[in-house]
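To be precise, the following lines are entry.csv, and they hold CSV, C-alpha atoms.
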chain,number,residue,atom,x,y,z
D,1387,ASP,CA,-55.5,41.7,169.7
D,1388,VAL,CA,-51.7,42.1,170.1
D,1389,LEU,CA,-51.5,39.4,172.8
D,1390,SER,CA,-53.8,37.1,170.8
D,1391,ALA,CA,-51.7,37.5,167.6
D,1392,ALA,CA,-48.5,37.0,169.6
D,1393,TRP,CA,-49.9,33.8,171.2
D,1394,HIS,CA,-51.0,32.4,167.9
D,1395,SER,CA,-47.7,33.2,166.3
D,1396,VAL,CA,-45.7,31.5,169.0
D,1397,ALA,CA,-48.1,28.5,169.2
D,1398,ASN,CA,-48.0,27.9,165.4
D,1399,ALA,CA,-44.2,28.1,165.4
D,1400,TYR,CA,-43.9,25.4,168.1
D,1401,VAL,CA,-46.6,23.3,166.5
D,1402,ALA,CA,-44.6,23.4,163.3
D,1403,LEU,CA,-41.4,22.6,165.2
D,1404,PHE,CA,-43.1,19.6,166.8
D,1405,GLN,CA,-44.4,18.4,163.4
D,1406,GLY,CA,-41.0,18.8,161.9
D,1407,SER,CA,-39.2,16.9,164.6
D,1408,VAL,CA,-41.6,14.3,166.1
D,1409,PHE,CA,-44.8,13.6,164.3
D,1410,ASP,CA,-46.5,15.3,161.3
D,1411,SER,CA,-50.2,14.7,161.8
D,1412,GLY,CA,-51.1,16.4,158.6
D,1413,ALA,CA,-48.9,14.1,156.4
D,1414,PRO,CA,-50.7,12.1,153.7
D,1415,THR,CA,-49.0,8.8,154.5
D,1416,LEU,CA,-47.6,7.1,157.6
D,1417,VAL,CA,-44.1,7.2,156.2
D,1418,ARG,CA,-44.2,11.0,155.9
D,1419,ALA,CA,-45.9,11.2,159.3
D,1420,ILE,CA,-43.1,9.4,161.2
D,1421,LYS,CA,-40.2,10.6,159.2
D,1422,PRO,CA,-39.6,13.7,161.4
D,1423,ILE,CA,-38.8,11.5,164.5
D,1424,THR,CA,-36.4,9.5,162.4
D,1425,GLU,CA,-34.7,12.7,161.3
D,1426,THR,CA,-34.4,13.8,164.9
D,1427,MET,CA,-32.8,10.5,165.8
D,1428,THR,CA,-30.4,10.8,162.9
D,1429,VAL,CA,-29.3,14.3,163.7
D,1430,SER,CA,-28.9,13.5,167.4
D,1431,VAL,CA,-26.3,10.8,166.8
D,1432,PRO,CA,-23.2,13.0,166.5
D,1433,LEU,CA,-24.5,15.3,169.3
D,1434,ILE,CA,-24.9,12.3,171.7
D,1435,LEU,CA,-21.5,10.8,170.9
D,1436,ALA,CA,-19.6,14.1,171.1
D,1437,GLY,CA,-21.6,15.1,174.2
D,1438,LEU,CA,-20.7,11.8,175.9
D,1439,GLY,CA,-17.0,12.5,175.3
D,1440,LEU,CA,-17.2,16.1,176.6
D,1441,GLY,CA,-19.1,14.9,179.6
D,1442,ILE,CA,-16.2,12.5,180.5
D,1443,GLY,CA,-13.8,15.4,180.4
D,1444,PHE,CA,-16.1,17.7,182.5
D,1445,ARG,CA,-16.4,15.0,185.2
D,1446,ALA,CA,-12.6,14.6,185.2
D,1447,GLY,CA,-12.1,18.3,185.7
D,1448,MET,CA,-11.1,19.1,182.1
D,1449,PHE,CA,-12.9,21.6,180.0
D,1450,ASN,CA,-12.5,20.0,176.6
D,1451,ILE,CA,-14.0,22.2,173.9
D,1452,GLY,CA,-12.2,20.5,171.1
D,1453,ALA,CA,-14.9,18.2,169.9
D,1454,GLN,CA,-15.2,20.2,166.7
D,1455,GLY,CA,-11.7,19.3,165.6
D,1456,GLN,CA,-12.0,15.8,166.9
D,1457,ILE,CA,-15.1,15.2,164.8
D,1458,VAL,CA,-13.2,16.5,161.8
D,1459,LEU,CA,-10.3,14.2,162.3
D,1460,GLY,CA,-12.6,11.2,163.0
D,1461,GLY,CA,-14.4,12.0,159.7
D,1462,VAL,CA,-11.1,12.3,157.8
D,1463,VAL,CA,-9.8,8.9,158.9
D,1464,GLY,CA,-13.1,7.2,158.7
D,1465,ALA,CA,-13.9,8.5,155.2
D,1466,TYR,CA,-10.3,7.6,154.0
D,1467,VAL,CA,-10.7,4.0,155.1
D,1468,GLY,CA,-14.2,4.0,153.7
D,1469,PHE,CA,-13.5,5.0,150.2
D,1470,THR,CA,-9.9,3.8,149.7
D,1471,PHE,CA,-10.0,0.1,150.8
D,1472,ASN,CA,-12.2,-2.6,149.3
D,1473,LEU,CA,-13.0,-4.9,152.2
D,1474,PRO,CA,-15.8,-7.4,153.0
D,1475,ILE,CA,-19.0,-6.0,154.4
D,1476,GLY,CA,-18.9,-5.8,158.2
D,1477,LEU,CA,-15.1,-5.8,158.4
D,1478,HIS,CA,-14.9,-2.6,156.3
D,1479,LEU,CA,-17.4,-0.8,158.4
D,1480,LEU,CA,-15.7,-1.9,161.6
D,1481,LEU,CA,-12.3,-0.7,160.5
D,1482,ALA,CA,-13.7,2.6,159.2
D,1483,ALA,CA,-15.5,3.3,162.5
D,1484,LEU,CA,-12.5,2.2,164.5
D,1485,GLY,CA,-10.2,4.4,162.4
D,1486,ALA,CA,-12.5,7.4,163.1
D,1487,ALA,CA,-12.3,6.7,166.8
D,1488,VAL,CA,-8.5,6.4,166.7
D,1489,GLY,CA,-8.2,9.6,164.7
D,1490,GLY,CA,-10.4,11.6,167.1
D,1491,GLY,CA,-8.6,10.0,170.1
D,1492,LEU,CA,-5.1,10.8,168.9
D,1493,TRP,CA,-6.1,14.4,168.0
D,1494,ALA,CA,-7.6,14.9,171.5
D,1495,GLY,CA,-4.6,13.1,173.1
D,1496,ILE,CA,-2.4,16.0,171.9
D,1497,ALA,CA,-4.1,18.3,174.3
D,1498,GLY,CA,-4.0,15.8,177.1
D,1499,PHE,CA,-0.3,15.2,176.6
D,1500,LEU,CA,0.5,18.9,176.6
D,1501,LYS,CA,-1.5,19.4,179.8
D,1502,ALA,CA,0.2,16.5,181.5
D,1503,ARG,CA,3.7,17.4,180.3
D,1504,THR,CA,3.7,21.2,180.4
D,1505,GLY,CA,0.6,22.2,182.2
D,1506,ALA,CA,-0.8,23.8,179.1
D,1507,ASN,CA,-4.4,24.9,179.5
D,1508,GLU,CA,-6.7,22.4,177.6
D,1509,VAL,CA,-9.1,25.2,176.6
D,1510,ILE,CA,-6.5,27.1,174.7
D,1511,VAL,CA,-5.0,24.0,173.2
D,1512,THR,CA,-8.3,22.5,172.0
D,1513,ILE,CA,-9.3,25.9,170.5
D,1514,MET,CA,-6.1,25.9,168.5
D,1515,LEU,CA,-6.5,22.3,167.5
D,1516,ASN,CA,-10.1,23.0,166.3
D,1517,ASN,CA,-8.7,25.7,163.9
D,1518,ILE,CA,-5.9,23.4,162.7
D,1519,ALA,CA,-8.3,20.6,162.0
D,1520,ILE,CA,-10.6,22.9,160.0
D,1521,TYR,CA,-7.8,24.1,157.8
D,1522,LEU,CA,-6.3,20.6,157.6
D,1523,VAL,CA,-9.4,19.0,156.1
D,1524,GLY,CA,-9.7,21.9,153.7
D,1525,TYR,CA,-6.1,21.2,152.5
D,1526,LEU,CA,-6.6,17.5,152.3
D,1527,LEU,CA,-9.6,17.9,150.1
D,1528,THR,CA,-7.4,19.5,147.5
D,1529,THR,CA,-4.9,16.6,147.4
D,1530,LYS,CA,-5.1,13.6,145.1
D,1531,ALA,CA,-5.6,11.2,148.0
D,1532,PHE,CA,-8.9,12.9,149.1
D,1533,GLN,CA,-10.3,14.8,146.1
D,1534,ARG,CA,-12.9,13.2,144.0
D,1535,PRO,CA,-11.5,12.3,140.6
D,1536,GLY,CA,-12.8,14.5,137.8
D,1537,SER,CA,-14.0,17.2,140.2
D,1538,ASN,CA,-12.5,20.5,141.3
D,1539,ASN,CA,-14.8,20.8,144.3
D,1540,PRO,CA,-13.4,20.1,147.7
D,1541,ILE,CA,-15.3,16.8,148.2
D,1542,SER,CA,-14.0,13.3,148.6
D,1543,PRO,CA,-15.0,10.2,146.6
D,1544,PRO,CA,-18.2,8.5,148.0
D,1545,VAL,CA,-17.7,6.0,150.8
D,1546,ARG,CA,-18.0,2.4,149.6
D,1547,SER,CA,-21.3,0.7,150.4
D,1548,SER,CA,-19.5,-1.9,152.4
D,1549,ALA,CA,-18.3,0.8,154.9
D,1550,LEU,CA,-21.7,2.5,155.4
D,1551,TYR,CA,-23.8,2.2,158.5
D,1552,PRO,CA,-26.8,0.1,157.5
D,1553,LEU,CA,-30.2,1.8,157.4
D,1554,LEU,CA,-32.5,0.7,160.2
D,1555,LEU,CA,-35.8,1.4,158.5
D,1556,GLY,CA,-35.1,1.0,154.8
D,1557,GLY,CA,-34.3,3.5,152.1
D,1558,GLN,CA,-37.2,5.7,152.8
D,1559,PHE,CA,-35.5,7.0,156.0
D,1560,ARG,CA,-32.0,8.3,156.7
D,1561,LEU,CA,-31.9,6.7,160.2
D,1562,HIS,CA,-28.8,4.4,160.3
D,1563,ALA,CA,-27.1,2.1,162.7
D,1564,GLY,CA,-25.1,4.9,164.1
D,1565,PHE,CA,-28.0,5.5,166.5
D,1566,LEU,CA,-27.4,2.0,167.9
D,1567,VAL,CA,-23.7,2.9,168.3
D,1568,ALA,CA,-24.8,6.0,170.2
D,1569,ILE,CA,-27.0,3.9,172.6
D,1570,ALA,CA,-24.1,1.4,173.1
D,1571,ALA,CA,-21.7,4.3,173.7
D,1572,ALA,CA,-24.0,5.8,176.4
D,1573,VAL,CA,-24.2,2.4,178.2
D,1574,GLY,CA,-20.4,2.0,177.9
D,1575,VAL,CA,-19.7,5.5,179.3
D,1576,TRP,CA,-22.1,4.7,182.2
D,1577,TRP,CA,-20.2,1.5,183.0
D,1578,LEU,CA,-16.8,3.2,182.5
D,1579,MET,CA,-17.5,6.2,184.8
D,1580,ASP,CA,-19.7,4.5,187.5
D,1581,ARG,CA,-18.6,0.9,187.6
D,1582,SER,CA,-14.9,0.7,186.5
D,1583,THR,CA,-11.7,1.5,188.3
D,1584,ILE,CA,-10.6,3.7,185.4
D,1585,GLY,CA,-13.8,5.8,185.8
D,1586,PHE,CA,-13.2,6.1,189.5
D,1587,ARG,CA,-9.8,7.5,188.9
D,1588,PHE,CA,-11.2,9.9,186.3
D,1589,ARG,CA,-13.8,11.2,188.8
D,1590,ALA,CA,-11.2,11.3,191.7
D,1591,VAL,CA,-9.0,13.5,189.6
D,1592,GLY,CA,-11.9,15.7,188.7
D,1593,ALA,CA,-13.0,16.1,192.3
D,1594,ASN,CA,-9.6,16.9,193.7
D,1595,SER,CA,-6.5,16.4,191.7
D,1596,LYS,CA,-4.2,17.0,194.7
D,1597,ALA,CA,-6.0,14.4,196.9
D,1598,ALA,CA,-5.9,12.0,194.0
D,1599,ARG,CA,-2.2,12.4,193.6
D,1600,THR,CA,-1.7,11.9,197.3
D,1601,ALA,CA,-3.7,8.7,197.1
D,1602,GLY,CA,-1.3,7.4,194.4
D,1603,ILE,CA,-3.3,8.1,191.3
D,1604,SER,CA,-1.2,9.3,188.3
D,1605,VAL,CA,-3.0,12.6,187.6
D,1606,ASP,CA,-0.9,13.4,184.5
D,1607,MET,CA,-1.6,10.0,182.9
D,1608,ASN,CA,-5.3,10.3,183.6
D,1609,TYR,CA,-5.3,13.7,181.9
D,1610,VAL,CA,-4.0,11.9,178.7
D,1611,TRP,CA,-6.5,9.0,178.9
D,1612,VAL,CA,-9.5,11.3,179.6
D,1613,MET,CA,-8.7,13.2,176.4
D,1614,VAL,CA,-8.1,10.1,174.4
D,1615,VAL,CA,-11.4,8.5,175.4
D,1616,ALA,CA,-13.3,11.8,174.8
D,1617,GLY,CA,-11.7,12.2,171.4
D,1618,ALA,CA,-12.5,8.7,170.4
D,1619,LEU,CA,-16.2,9.3,171.1
D,1620,ALA,CA,-16.1,12.5,169.1
D,1621,GLY,CA,-14.3,10.6,166.3
D,1622,LEU,CA,-17.2,8.2,166.3
D,1623,ALA,CA,-19.5,11.2,165.9
D,1624,GLY,CA,-17.5,12.1,162.8
D,1625,SER,CA,-18.0,8.5,161.5
D,1626,ALA,CA,-21.7,9.0,161.9
D,1627,GLN,CA,-21.5,11.8,159.5
D,1628,VAL,CA,-19.3,10.3,156.8
D,1629,LEU,CA,-20.4,6.7,157.1
D,1630,GLY,CA,-24.0,7.3,157.8
D,1631,THR,CA,-25.6,10.6,157.0
D,1632,GLU,CA,-23.5,12.3,154.3
D,1633,LYS,CA,-21.5,9.3,152.9
D,1634,VAL,CA,-18.8,11.7,151.8
D,1635,LEU,CA,-16.1,13.9,153.4
D,1636,ASP,CA,-16.3,17.6,152.8
D,1637,ALA,CA,-15.1,20.7,154.6
D,1638,GLY,CA,-18.3,21.0,156.6
D,1639,VAL,CA,-18.3,17.5,158.0
D,1640,ALA,CA,-18.5,18.7,161.6
D,1641,ALA,CA,-21.1,21.5,160.9
D,1642,SER,CA,-21.5,22.9,164.4
D,1643,PHE,CA,-22.0,19.6,166.2
D,1644,GLY,CA,-18.8,20.0,168.2
D,1645,PHE,CA,-19.9,23.3,169.8
D,1646,ASP,CA,-23.5,22.2,170.2
D,1647,ALA,CA,-22.3,19.1,172.0
D,1648,ILE,CA,-20.9,21.3,174.8
D,1649,THR,CA,-24.4,22.5,175.5
D,1650,VAL,CA,-25.7,18.9,175.3
D,1651,ALA,CA,-23.2,17.7,177.9
D,1652,LEU,CA,-23.9,20.7,180.2
D,1653,LEU,CA,-27.7,20.2,179.9
D,1654,GLY,CA,-27.3,16.5,180.6
D,1655,ARG,CA,-25.1,17.2,183.6
D,1656,SER,CA,-22.3,15.2,182.0
D,1657,LYS,CA,-24.3,12.0,182.8
D,1658,PRO,CA,-24.8,9.4,180.0
D,1659,LEU,CA,-28.7,9.3,180.3
D,1660,GLY,CA,-29.0,13.0,180.6
D,1661,THR,CA,-26.6,13.6,177.7
D,1662,PHE,CA,-28.5,11.1,175.5
D,1663,LEU,CA,-31.8,12.8,176.2
D,1664,ALA,CA,-30.3,16.3,175.7
D,1665,GLY,CA,-28.9,15.1,172.4
D,1666,LEU,CA,-32.4,14.0,171.3
D,1667,LEU,CA,-33.7,17.4,172.3
D,1668,PHE,CA,-31.1,19.3,170.3
D,1669,GLY,CA,-31.6,16.9,167.4
D,1670,ALA,CA,-35.3,17.8,167.5
D,1671,LEU,CA,-34.5,21.5,167.5
D,1672,ARG,CA,-32.2,21.1,164.5
D,1673,ALA,CA,-34.5,18.8,162.6
D,1674,GLY,CA,-37.7,20.8,163.2
D,1675,GLY,CA,-36.2,24.2,162.7
D,1676,PHE,CA,-36.5,24.0,158.9
D,1677,THR,CA,-40.1,23.0,159.0
D,1678,MET,CA,-40.9,25.8,161.4
D,1679,GLN,CA,-39.3,28.3,159.1
D,1680,ALA,CA,-41.0,27.0,156.0
D,1681,ARG,CA,-44.5,26.8,157.4
D,1682,THR,CA,-44.6,29.9,159.7
D,1683,GLY,CA,-41.9,32.1,158.4
D,1684,THR,CA,-40.2,32.1,161.8
D,1685,PRO,CA,-36.4,32.6,161.3
D,1686,ILE,CA,-34.5,29.4,162.0
D,1687,ASP,CA,-32.2,31.5,164.2
D,1688,ILE,CA,-34.8,31.2,166.9
D,1689,VAL,CA,-33.4,27.7,167.5
D,1690,LEU,CA,-30.0,29.3,168.3
D,1691,VAL,CA,-31.8,31.6,170.7
D,1692,VAL,CA,-33.5,28.7,172.5
D,1693,GLN,CA,-30.1,26.9,172.7
D,1694,SER,CA,-28.5,30.0,174.1
D,1695,LEU,CA,-31.2,30.4,176.7
D,1696,ILE,CA,-30.6,26.8,177.8
D,1697,VAL,CA,-27.0,27.6,178.4
D,1698,LEU,CA,-27.9,30.7,180.3
D,1699,PHE,CA,-30.3,28.9,182.6
D,1700,ILE,CA,-27.7,26.2,183.2
D,1701,ALA,CA,-25.0,28.7,184.1
D,1702,ALA,CA,-27.2,31.1,186.1
D,1703,PRO,CA,-27.7,29.1,189.4
D,1704,PRO,CA,-23.9,28.4,190.0
D,1705,LEU,CA,-23.1,32.0,189.0
D,1706,VAL,CA,-25.6,33.5,191.4
D,1707,ARG,CA,-24.4,31.3,194.2
D,1708,ALA,CA,-20.8,32.3,193.5
D,1709,VAL,CA,-21.5,36.0,193.4
D,1710,PHE,CA,-23.6,36.1,196.5
D,1711,ARG,CA,-21.7,33.3,198.3
D,1712,LEU,CA,-24.7,31.1,198.7
D,1713,SER,CA,-24.5,27.4,199.6
D,1714,SER,CA,-25.5,24.7,197.2
D,1715,PRO,CA,-29.1,23.6,197.6
D,1716,GLY,CA,-29.7,20.4,199.5
D,1717,LEU,CA,-26.4,20.6,201.4
D,1718,SER,CA,-26.7,20.1,205.2
D,1719,ARG,CA,-24.9,22.3,207.7
D,1720,ARG,CA,-22.7,19.5,208.8
D,1721,ALA,CA,-21.9,18.7,205.2
D,1722,ARG,CA,-21.1,22.3,204.4
D,1723,ARG,CA,-18.7,22.4,207.4
D,1724,THR,CA,-17.0,19.3,206.2
D,1725,VAL,CA,-16.6,20.7,202.7
D,1726,GLU,CA,-15.2,23.9,204.1
D,1727,GLU,CA,-12.7,22.0,206.3
D,1728,VAL,CA,-11.5,19.9,203.3
D,1729,ALA,CA,-11.2,23.0,201.1
D,1730,ALA,CA,-9.2,24.7,203.8

If you convert what's in this file into structure tokens, what do you get?
Amino acid sequence: DVLSAAWHSVANAYVALFQGSVFDSGAPTLVRAIKPITETMTVSVPLILAGLGLGIGFRAGMFNIGAQGQIVLGGVVGAYVGFTFNLPIGLHLLLAALGAAVGGGLWAGIAGFLKARTGANEVIVTIMLNNIAIYLVGYLLTTKAFQRPGSNNPISPPVRSSALYPLLLGGQFRLHAGFLVAIAAAVGVWWLMDRSTIGFRFRAVGANSKAARTAGISVDMNYVWVMVVAGALAGLAGSAQVLGTEKVLDAGVAASFGFDAITVALLGRSKPLGTFLAGLLFGALRAGGFTMQARTGTPIDIVLVVQSLIVLFIAAPPLVRAVFRLSSPGLSRRARRTVEEVAA
């Protein structure tokens, strides 16, 4: 009886999670039935964009964990352009999204510059920049330039309609063109890292910075550009929030997307396709968690447990190999000898 009850409890929870994130077979209308998958796609946009940026840093040998702050700065700049200026449709959206990318890129570039100039550890610097960004947006929302007129709440004026991402499926769904931006960004990152000279330099620095410097590659300059590109993608993630989903700037603009994007990039092996699919998976977990809690009473914290287990399973194989000095799977004896000689 205990095993049967446990099985039914787990099965019902995952069925509710599926119905809240992919397809609700019990919905009375087709619109209600397919709305969960559109919510998954909407929530996945900032995860995919920020994850792509973090993946570039990982492949370049930099552990950038500052996506949270970069999303915030992207949201700040994008929202300011969106509600301050009155520009034609199309141009206004382009400038707001571009401003968000520039804001995130410049914020991340600080960490890249400090690493290149002083050797500062990017992990420590980006952690500090995250905290600075959180307090900065809190302060800005109390100033006249950002606070909504007639309101004492820390919230900005609504973004003008000309600067919003257009809805892809009409007003019944929240899915906006930011999802198309995420697809274009994934294709662009694939081309950048696997087909361009700049991407080759990034990967060379990540594989062996000393060998890259010996080959004539400016390692310090690549550190800066890696962070700028990663921050620009995270800034676009912020634009998806303020120009697409929320349509305003508030203190919680980044939610936990910046930290979740680390897991997305790790799960996707820092590759564009893998990151895109991992972003959809985590978007489904976030979108379906509320339905699971409402229908089965399962705490939404179980989603965090699943995400934590994913991180654990990703980290476990390399950790076990390092502790017990095991070779990487699929590596031939001759290849292992070559790697050992190069390392020596």

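Candidate residues D:Val1614, D:Leu1671, D:Ala1641, D:Thr1682 were compared for distance to Pro1422 (chain D), and the nearest is D:Leu1671, using all atoms listed in the file.
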
Excluding Ala1623 (chain D) and residues on its chain fewer than 2 positions from it, collect all residues at most 9 Å away from it, counting only C-alpha atoms, and give them as a PDB file with C-alpha atoms, in the frame of the given file.
ATOM      1  CA  VAL D1431     -26.300  10.800 166.800  1.00  0.00           C
ATOM      2  CA  PRO D1432     -23.200  13.000 166.500  1.00  0.00           C
ATOM      3  CA  LEU D1433     -24.500  15.300 169.300  1.00  0.00           C
ATOM      4  CA  ILE D1434     -24.900  12.300 171.700  1.00  0.00           C
ATOM      5  CA  LEU D1435     -21.500  10.800 170.900  1.00  0.00           C
ATOM      6  CA  ALA D1436     -19.600  14.100 171.100  1.00  0.00           C
ATOM      7  CA  GLN D1456     -12.000  15.800 166.900  1.00  0.00           C
ATOM      8  CA  ILE D1457     -15.100  15.200 164.800  1.00  0.00           C
ATOM      9  CA  GLY D1460     -12.600  11.200 163.000  1.00  0.00           C
ATOM     10  CA  GLY D1461     -14.400  12.000 159.700  1.00  0.00           C
ATOM     11  CA  ALA D1486     -12.500   7.400 163.100  1.00  0.00           C
ATOM     12  CA  ALA D1487     -12.300   6.700 166.800  1.00  0.00           C
ATOM     13  CA  GLY D1564     -25.100   4.900 164.100  1.00  0.00           C
ATOM     14  CA  ALA D1568     -24.800   6.000 170.200  1.00  0.00           C
ATOM     15  CA  ALA D1618     -12.500   8.700 170.400  1.00  0.00           C
ATOM     16  CA  LEU D1619     -16.200   9.300 171.100  1.00  0.00           C
ATOM     17  CA  ALA D1620     -16.100  12.500 169.100  1.00  0.00           C
ATOM     18  CA  GLY D1621     -14.300  10.600 166.300  1.00  0.00           C
ATOM     19  CA  SER D1625     -18.000   8.500 161.500  1.00  0.00           C
ATOM     20  CA  ALA D1626     -21.700   9.000 161.900  1.00  0.00           C
ATOM     21  CA  GLN D1627     -21.500  11.800 159.500  1.00  0.00           C
ATOM     22  CA  ALA D1640     -18.500  18.700 161.600  1.00  0.00           C
ATOM     23  CA  PHE D1643     -22.000  19.600 166.200  1.00  0.00           C
TER      24      PHE D1643
END

What gap, in Å, lies between CA of Gly1406 (chain D) and CA of Gly1665 (chain D)?
-> 16.4 Å

Pairwise distance for CA of Leu1553 (chain D) and CA of Leu1484 (chain D), rounded to one decimal in Å |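 Straight-line distance from CA of Leu1553 (chain D) to CA of Leu1484 (chain D) works out to 19.1 Å.
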
Could you give me, as JSON, numbers by chain, the residues that sit within 10 Å of (-22.9, 16.3, 180.8) in the file's coordinates, counting all atoms listed in the file?
-> {"D": [1437, 1438, 1439, 1440, 1441, 1442, 1443, 1444, 1445, 1647, 1648, 1649, 1650, 1651, 1652, 1653, 1654, 1655, 1656, 1657, 1658, 1659, 1660, 1661, 1662, 1664]}

Residues of the last selection are to be written out with C-alpha atoms, as a PDB file, in the frame of the given file.
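Here's the written file part_32.pdb:
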ATOM      1  CA  GLY D1437     -21.600  15.100 174.200  1.00  0.00           C
ATOM      2  CA  LEU D1438     -20.700  11.800 175.900  1.00  0.00           C
ATOM      3  CA  GLY D1439     -17.000  12.500 175.300  1.00  0.00           C
ATOM      4  CA  LEU D1440     -17.200  16.100 176.600  1.00  0.00           C
ATOM      5  CA  GLY D1441     -19.100  14.900 179.600  1.00  0.00           C
ATOM      6  CA  ILE D1442     -16.200  12.500 180.500  1.00  0.00           C
ATOM      7  CA  GLY D1443     -13.800  15.400 180.400  1.00  0.00           C
ATOM      8  CA  PHE D1444     -16.100  17.700 182.500  1.00  0.00           C
ATOM      9  CA  ARG D1445     -16.400  15.000 185.200  1.00  0.00           C
ATOM     10  CA  ALA D1647     -22.300  19.100 172.000  1.00  0.00           C
ATOM     11  CA  ILE D1648     -20.900  21.300 174.800  1.00  0.00           C
ATOM     12  CA  THR D1649     -24.400  22.500 175.500  1.00  0.00           C
ATOM     13  CA  VAL D1650     -25.700  18.900 175.300  1.00  0.00           C
ATOM     14  CA  ALA D1651     -23.200  17.700 177.900  1.00  0.00           C
ATOM     15  CA  LEU D1652     -23.900  20.700 180.200  1.00  0.00           C
ATOM     16  CA  LEU D1653     -27.700  20.200 179.900  1.00  0.00           C
ATOM     17  CA  GLY D1654     -27.300  16.500 180.600  1.00  0.00           C
ATOM     18  CA  ARG D1655     -25.100  17.200 183.600  1.00  0.00           C
ATOM     19  CA  SER D1656     -22.300  15.200 182.000  1.00  0.00           C
ATOM     20  CA  LYS D1657     -24.300  12.000 182.800  1.00  0.00           C
ATOM     21  CA  PRO D1658     -24.800   9.400 180.000  1.00  0.00           C
ATOM     22  CA  LEU D1659     -28.700   9.300 180.300  1.00  0.00           C
ATOM     23  CA  GLY D1660     -29.000  13.000 180.600  1.00  0.00           C
ATOM     24  CA  THR D1661     -26.600  13.600 177.700  1.00  0.00           C
ATOM     25  CA  PHE D1662     -28.500  11.100 175.500  1.00  0.00           C
ATOM     26  CA  ALA D1664     -30.300  16.300 175.700  1.00  0.00           C
TER      27      ALA D1664
END

Kindly give the distance, in Å, that separates CA of Pro1544 (chain D) and CA of Gln1454 (chain D), rounded to a single decimal.
->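 A separation of 22.3 Å between them.
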
Which neighbours of Thr1424 (chain D) fall inside 10 Å, counting only C-alpha atoms, when residues of the same chain fewer than 5 positions from it are skipped, and could you give them as a ChimeraX atom specification?
-> /D:1407-1409,1429-1430,1554-1555,1559-1562,1670,1673

So which one's closest to Phe1588 (chain D), D:Val1567, D:Val1458, D:Met1427, D:Met1448? Using all atoms listed in the file, please.
->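 The shortest atom-to-atom distance to Phe1588 (chain D) comes from D:Met1448.
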
Pick the closest to Arg1546 (chain D) from D:Asn1517, D:Thr1583, D:Asn1472, D:Ser1604: which is it, counting all atoms listed in the file?
->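 Among the listed residues, D:Asn1472 lies closest to Arg1546 (chain D).
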
Looking at all atoms listed in the file, which of D:Gly1455, D:Gly1489, D:Pro1535, D:Pro1543 is the one that sits closest to Val1634 (chain D)?
->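 Result for the nearest residue to Val1634 (chain D): D:Pro1543.
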
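Considering the residues D:Ala1593, D:Ala1502, D:Val1697, D:Val1692 and counting all atoms listed in the file, Val1605 (chain D) has its shortest atom-to-atom contact with D:Ala1502.
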
Nearest to Gly1505 (chain D): which of D:Ala1465, D:Val1610, D:Ile1584, D:Ile1688 is it, counting all atoms listed in the file?
->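 Residue with the minimum atom-to-atom distance to Gly1505 (chain D): D:Val1610.
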
For Val1396 (chain D), list every protein, DNA or RNA residue within 12 Å, evaluated using all atoms listed in the file, and leave out those in the same chain fewer than 6 positions away; present the list as number ranges by chain.
-> D: 1389-1390, 1402-1403, 1678, 1682-1684, 1688
